[in-house]
Amino acid sequence: MTEIELEAENKAIAQEYKELLRISYQTLTDEDKKIIRKAFDVAVDAHKDQRRKSGEAYIFHPIAVAKIVARDIGLGATSIAAALMHDVVEDTDITVQDIEKMFNPKIAQLVEGLTKIAKVKTDQEISVQAENFRKMLLTLNDDVRVILIKIADRLHNMQTMGSMVDYKQAKIASETLYIYAPLAHRLGLYNIKTQLEDLGLKYTEPEIYNDIVSKIKETKEEQDEYIKSISEVLSTSMVNEGIEFTIKGRPKSIYSIRRKMKAQNVTFDEVYDKFALRIIYKSNPHDEKFIAWKIYSVVTDHYRPSPSRLRDWISSPKSTGYEALHITVMGPKGRWVEIQVRSERMDEIAEKGYAAHYKYKNGATEEHGLEIWLNQLKEALENSASNAVDFVEDFKLNLYAKEIYVFTPKGEIKSLPKGATSLDFAFSIHSEIGVKTRGTRVNGKLVPLNHVLNSGDQVEIITSVNQKPTSQWLDYVTTSRAKNKIKNVLNENTKKIAEDGKEILTRKLRHLKITLNETTTNELVNFFKLQTSLDLYYRAGIGAIENQQLKEYVAQKSNTLVNFFKKTIKRSPSNQTEQVQKNEISKKFDMLVFGTEQDKLDYKLSSCCNPIPGDEVFGFVSINEGIKVHRKDCPNAISMQSNYAYRIIQAKWIDSSQEEFKAILKIKGMDILGLTNNLTKVISSQMNVNIQSISLNSEAGIFNGQVTVVVQNNNILKKLIDNIKKVDGIDKVTRVYNN
């Protein structure tokens with residue numbers, strides 16, 4: 001570079017620095033300015049030999065990020081200093097400790113948080129990527145400002161991505177749409193979210209992006225004219241009402257137009273609300289709500305509103321803190337127009353998000369803000385059992401979620417993500433209530449636990465001390481808070497059983513003169529074809545590992561050569577038709593194992609006899625459908641056993657979890673008074689069996705019924721049938737194998 005160019009560049013850098021101080025949202029004290037100046041000097045020195053791909057001095061990047069942090073996000077001197085130095089530790093010899101000595105622990109902590117994130121290589125596969133996001137989100141535990149600065153960094157990178165190679169642009173853009181845009185949205189930074197989404201679209205679908213941009217330009221004059229005509233009508237009336245306001249029209253973002261085109265499968269011209277009007281009014285805190293509805297009244301005097309599209313986020317703000325009144329009205333020429341009504345305070349919160357919150361919270365500190373959301377997030381982060389990809393998926397779902405508002409029985413309002421179920425609601429009140437939920441009532445009616453809630457529902461939770469979550473509950477909930485809690489409880493139960501199982505196994509092996517140590521455990525896990533030691537101990541705990549099997553393990557251990565031959569020589573068919581001993585059917589079942597080696601194989605339960613755990617069964621190797629499992633007394637069993645003996649494999653049920661199975665019972669009897677009542681009493685109250693469906697009819701004094709019950713195993717079903725037979729008037733109870 002020539003002397004003149006260098007001088008011009010230095011001048012430009014100084015200019016940028018002055019602008020940074022001038023545009024700051026917060027009022028900077030002299031002390032603040034000193035800190036920012038010092039951080040600026042450190043950054044200039046650290047990056048003095050670096051240039052960006054576009055050729056400009058690298059220092060322009062940290063300054064640009066600091067400007068976004070200062071003006072658009074509205075943070076104070078600590079964050080501005082950290083933004084200026086966010087790449088210093090990574091690119092130079094300066095350490096976090098040096099920064100702590102030069103500045104203070106807080107700035108050092110922020111810089112360290114930003115460095116930790118930057119150092120992960122992003123070109124590896126998705127799981128590393130997910131792990132990276134997870135690390136980034138974990139820094140929320142320390143300080144949310146790390147994420148805010150990271151979002152600013154990402155925004156500037158997206159704005160200056162022009163000189164990068166295509167595949168990198170697409171990769172960074174997808175990642176932005178995947179996590180950074182929703183994050184910005186969740187932190188209330190709507191302006192930044194919109195820019196990130198539009199830029200994301202520009203690099204992921206350039207043709208579509210350019211097409212929409214050019215169409216917006218084409219229709220700009222006409223739209224400005226249209227907005228002006230509405231503005232004039234409304235302005236006159238509002239002035240008459242003595243309201244102080246500003247009114248501005250704005251096109252909807254390119255990304256949101258694209259999303260509408262996709263979702264509704266329409267062209268650009270068919271997207272009906274491509275722009276919105278925003279009315280921002282002056283008000284003291286006391287009159288805010290009153291004036292908003294006064295404006296609503298003015299708007300609806302002139303234009304007819306769509307009642308289904310009225311959004312009142314003033315009475316109940318979004319959990320991001322967003323407050324506004326959105327009214328969609330039918331404007332001139334039969335076009336829908338969205339009108340957003342906000343006070344100046346609401347507008348500031350919508351633009352600045354986090355920072356404006358505490359400004360209006362009477363001098364609260366920067367650490368306040370989105371306390372509730374961050375606490376929920378921390379709860380999700382602390383459950384590190386799920387893998388990183390699942391975690392990011394869950395997190396993303398919660399980020400994008402539109403919200404619904406439901407009421408407790410006492411009339412308190414709770415916000416939940418759209419699609420949340422009544423069981424999610426129980427967990428949102430308190431995880432202890434969630435875990436003990438036996439049933440739920442919505443608007444006074446009993447509903448299933450997976451009932452999807454709507455805004456305005458009033459939800460009551462019925463709890464029971466004996467209730468425990470089952471693995472099915474994971475399908476009943478959508479919020480990660482509920483999922484994590486259910487997983488934790490299920491894991492705890494497994495761990496408790498496993499602890500007892502370990503002692504049982506140790507005792508049993510001692511009798512066989514074997515010590516339970518790491519080697520033995522690994523050998524046993526392999527011997528039983530399990531995944532982990534926890535599986536092994538759990539099976540021992542529920543009594544699924546028998547002494548005979550342990551003796552076989554010992555024999556195998558002492559004679560590996562014999563074992564080798566056993567594996568090599570194929571099993572003869574005669575072994576495979578061995579009868580399952582009746583006394584082997586214990587009270588708890590769930591897993592089907594095949595052959596004398598008790599292999600776990602893929603199978604299907606055959607529909608001709610619908611076997612359930614505890615039924616005596618056998619496996620039949622079919623030609624196209626793999627192993628089909630039949631009951632021993634299946635109508636087709638005899639012909640299979642006589643014609644295809646070589647295809648039959650011994651099978652039995654072992655072990656148990658809280659698995660449940662359906663069985664259908666046909667009931668016949670005399671139609672006497674109170675029969676239905678007695679029947680359901682026996683099933684539900686005495687036996688505690690859930691009835692899934694019931695159909696009863698009577699004709700000329702004869703009673704016919706079909707009941708579908710959900711049972712754990714065959715023993716319970718047999719006992720149930722016996723008890724039903726004892727009911728006065730019942731003549732016959734049979735189990736049906738085909739619905």
# chains A, B, ... in the order shown; residues from 1 in each chain; ligands from 1

call {"tool": "residues_around", "arguments": {"residues": "A:Val711", "least_positions_apart": "6", "cutoff": "8 Å", "atoms": "only C-alpha atoms", "output": "ChimeraX atom specification"}}
result
/A:660-663,689-690,717

call {"tool": "residues_around", "arguments": {"residues": "stretch 533-543 of chain A", "least_positions_apart": "4", "cutoff": "8 Å", "atoms": "only C-alpha atoms", "output": "number ranges by chain"}}
result
A: 494-495, 497-502, 504-505, 521-522, 524-525, 528, 655-656

call {"tool": "closest_residue", "arguments": {"among": "A:Gly76, A:Gly242, A:Pro448, A:Pro305", "to": "A:Ile291", "atoms": "only C-alpha atoms"}}
result
A:Gly242

call {"tool": "residues_around", "arguments": {"residues": "A:Thr408", "least_positions_apart": "4", "cutoff": "7 Å", "atoms": "only C-alpha atoms", "output": "number ranges by chain"}}
result
A: 412-413, 458-460

call {"tool": "write_last_selection", "arguments": {"atoms": "N, CA, C and O atoms", "output": "PDB file, in the first residue's frame"}}
result
ATOM      1  N   GLU A 412     -54.735 -17.635  36.400  1.00  0.00           N
ATOM      2  CA  GLU A 412     -53.422 -17.057  36.050  1.00  0.00           C
ATOM      3  C   GLU A 412     -53.100 -17.466  34.613  1.00  0.00           C
ATOM      4  O   GLU A 412     -53.467 -18.551  34.166  1.00  0.00           O
ATOM      5  N   ILE A 413     -52.344 -16.601  33.917  1.00  0.00           N
ATOM      6  CA  ILE A 413     -52.076 -16.888  32.499  1.00  0.00           C
ATOM      7  C   ILE A 413     -50.681 -17.479  32.349  1.00  0.00           C
ATOM      8  O   ILE A 413     -49.754 -17.084  33.044  1.00  0.00           O
ATOM      9  N   GLN A 458     -58.580 -23.279  29.592  1.00  0.00           N
ATOM     10  CA  GLN A 458     -58.298 -23.289  31.033  1.00  0.00           C
ATOM     11  C   GLN A 458     -57.978 -24.742  31.387  1.00  0.00           C
ATOM     12  O   GLN A 458     -58.759 -25.648  31.091  1.00  0.00           O
ATOM     13  N   VAL A 459     -56.841 -24.954  31.997  1.00  0.00           N
ATOM     14  CA  VAL A 459     -56.355 -26.327  32.174  1.00  0.00           C
ATOM     15  C   VAL A 459     -56.211 -26.661  33.650  1.00  0.00           C
ATOM     16  O   VAL A 459     -55.635 -25.887  34.420  1.00  0.00           O
ATOM     17  N   GLU A 460     -56.740 -27.816  34.019  1.00  0.00           N
ATOM     18  CA  GLU A 460     -56.621 -28.271  35.409  1.00  0.00           C
ATOM     19  C   GLU A 460     -55.890 -29.611  35.398  1.00  0.00           C
ATOM     20  O   GLU A 460     -56.162 -30.474  34.561  1.00  0.00           O
TER      21      GLU A 460
END

call {"tool": "closest_residue", "arguments": {"among": "A:Lys436, A:Lys418, A:Arg735, A:Lys719", "to": "A:Pro611", "atoms": "only C-alpha atoms"}}
result
A:Arg735

call {"tool": "closest_residue", "arguments": {"among": "A:Glu112, A:Asp599, A:Glu288, A:Asp475", "to": "A:Ala83", "atoms": "only C-alpha atoms"}}
result
A:Glu112
